[in-house]
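Asks: Okay, handing you the structure first.
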Amino acid sequence: QVQLVESGGGLVQAGGSLRLPCAASGRTFGNSVMGWFRQAPGQEREFVACFSWGGGIITFADSVKGRFTISRDNAKNTVYLQMNSLKSEDTAVYYCAASRTFGIAVLKDANQYDTWGQGTMVTVSS
């Protein structure tokens, strides 16, 4: 059974940083495209970033570009969303997602992903 588990959320002051791990199990993700999304209270789920597990193109939403980065630990089957210079508008539940698209692709639509984690809450205080 495929499973994604996010962690690392919490309360942070504006300007601070957090790192969100997404641990994957149950499937070899190989070169599949994965993504990060977020959903603020009362808002729709929003694209944050997508990347190829195999290390291809990484695409960020304009709202986080230059502040967020992605790294991975293949041995742990884990990807990390590093969030720096956090702003109050970054407050949301953050989700990791996996698709069945392989290779280099930019998937910004949540409907293009078939496996989701449970989410982790990030609260940025101003």
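Identifiers for the structure tokens are assigned positionally: chains receive A, B, ... in sequence, residues are indexed from 1 per chain, and ligands are indexed from 1 in the order shown.
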For A:Ser85, please output as a PyMOL selection string all residues within 12 Å (counting only C-alpha atoms; exclusion window: fewer than 3 positions along the same chain).
Replies: chain A and resi 12-19+63-69+82+88-90+124+126
Asks: For A:Ile70, find every residue with an atom within 8 Å (counting only C-alpha atoms), except residues of its own chain fewer than 4 positions away, and show them as a PyMOL selection string.
Replies: chain A and resi 58+79-82
Asks: As a VMD selection string, please: every residue in chain A that DSSP puts in strand (DSSP E or B).
Replies: chain A and resid 3 to 6 10 to 13 18 to 25 32 to 39 46 to 52 58 to 60 68 to 73 78 to 83 92 to 102 115 to 116 120 to 125
Asks: Between A:Thr123, A:Ala97, A:Ala105, A:Trp36, which one has atoms that come closest to A:Val2, using only C-alpha atoms?
Replies: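 For A:Val2, the nearest of the given residues is A:Ala97.
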Asks: Return as CSV the residues of stretch 24-67 of chain A lying at most 10 Å from stretch 107-122 of chain A, together with the closest atom-to-atom pair for each and the distance in Å to one decimal, counting only C-alpha atoms, with rows in chain order and ascending residue number.
Replies:
```
residue,atom,partner,partner_atom,distance
A:Ala24,CA,A:Gly117,CA,9.1
A:Val33,CA,A:Leu107,CA,7.6
A:Met34,CA,A:Tyr113,CA,7.8
A:Gly35,CA,A:Leu107,CA,7.7
A:Trp36,CA,A:Lys108,CA,9.3
A:Phe37,CA,A:Ala110,CA,7.8
A:Arg38,CA,A:Gly119,CA,8.5
A:Gln39,CA,A:Met121,CA,9.3
A:Ala40,CA,A:Met121,CA,9.4
A:Arg45,CA,A:Ala110,CA,7.6
A:Glu46,CA,A:Ala110,CA,8.0
A:Phe47,CA,A:Lys108,CA,5.7
A:Val48,CA,A:Lys108,CA,8.2
A:Ala49,CA,A:Lys108,CA,7.7
A:Cys50,CA,A:Leu107,CA,6.5
A:Phe51,CA,A:Leu107,CA,8.7
A:Thr59,CA,A:Leu107,CA,9.0
A:Phe60,CA,A:Lys108,CA,9.4
A:Ala61,CA,A:Lys108,CA,8.8
```
Asks: Grab the residues selected above and save them as a tab-separated table (two decimals), in the first residue's frame with C-alpha atoms.
Replies:
```tsv
chain	number	residue	atom	x	y	z
A	24	ALA	CA	7.24	7.63	1.10
A	33	VAL	CA	6.53	13.41	-10.54
A	34	MET	CA	5.65	14.45	-7.01
A	35	GLY	CA	4.33	17.67	-5.61
A	36	TRP	CA	3.66	19.85	-2.62
A	37	PHE	CA	0.37	21.63	-2.17
A	38	ARG	CA	-1.11	23.71	0.62
A	39	GLN	CA	-4.57	24.64	1.77
A	40	ALA	CA	-5.27	27.64	3.94
A	45	ARG	CA	-5.83	23.58	-2.29
A	46	GLU	CA	-2.96	25.50	-3.90
A	47	PHE	CA	0.06	24.32	-5.86
A	48	VAL	CA	3.40	24.93	-4.14
A	49	ALA	CA	5.97	22.87	-6.06
A	50	CYS	CA	6.43	19.81	-8.21
A	51	PHE	CA	9.53	17.75	-8.91
A	59	THR	CA	8.96	24.03	-10.43
A	60	PHE	CA	7.78	26.39	-7.71
A	61	ALA	CA	4.74	28.60	-7.47
```
Asks: Which residue is closest to A:Arg72? Choose from A:Asn84, A:Leu20, A:Gln43, A:Ala98 and count only C-alpha atoms.
Replies: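 That would be A:Leu20, the residue with the smallest distance to A:Arg72.
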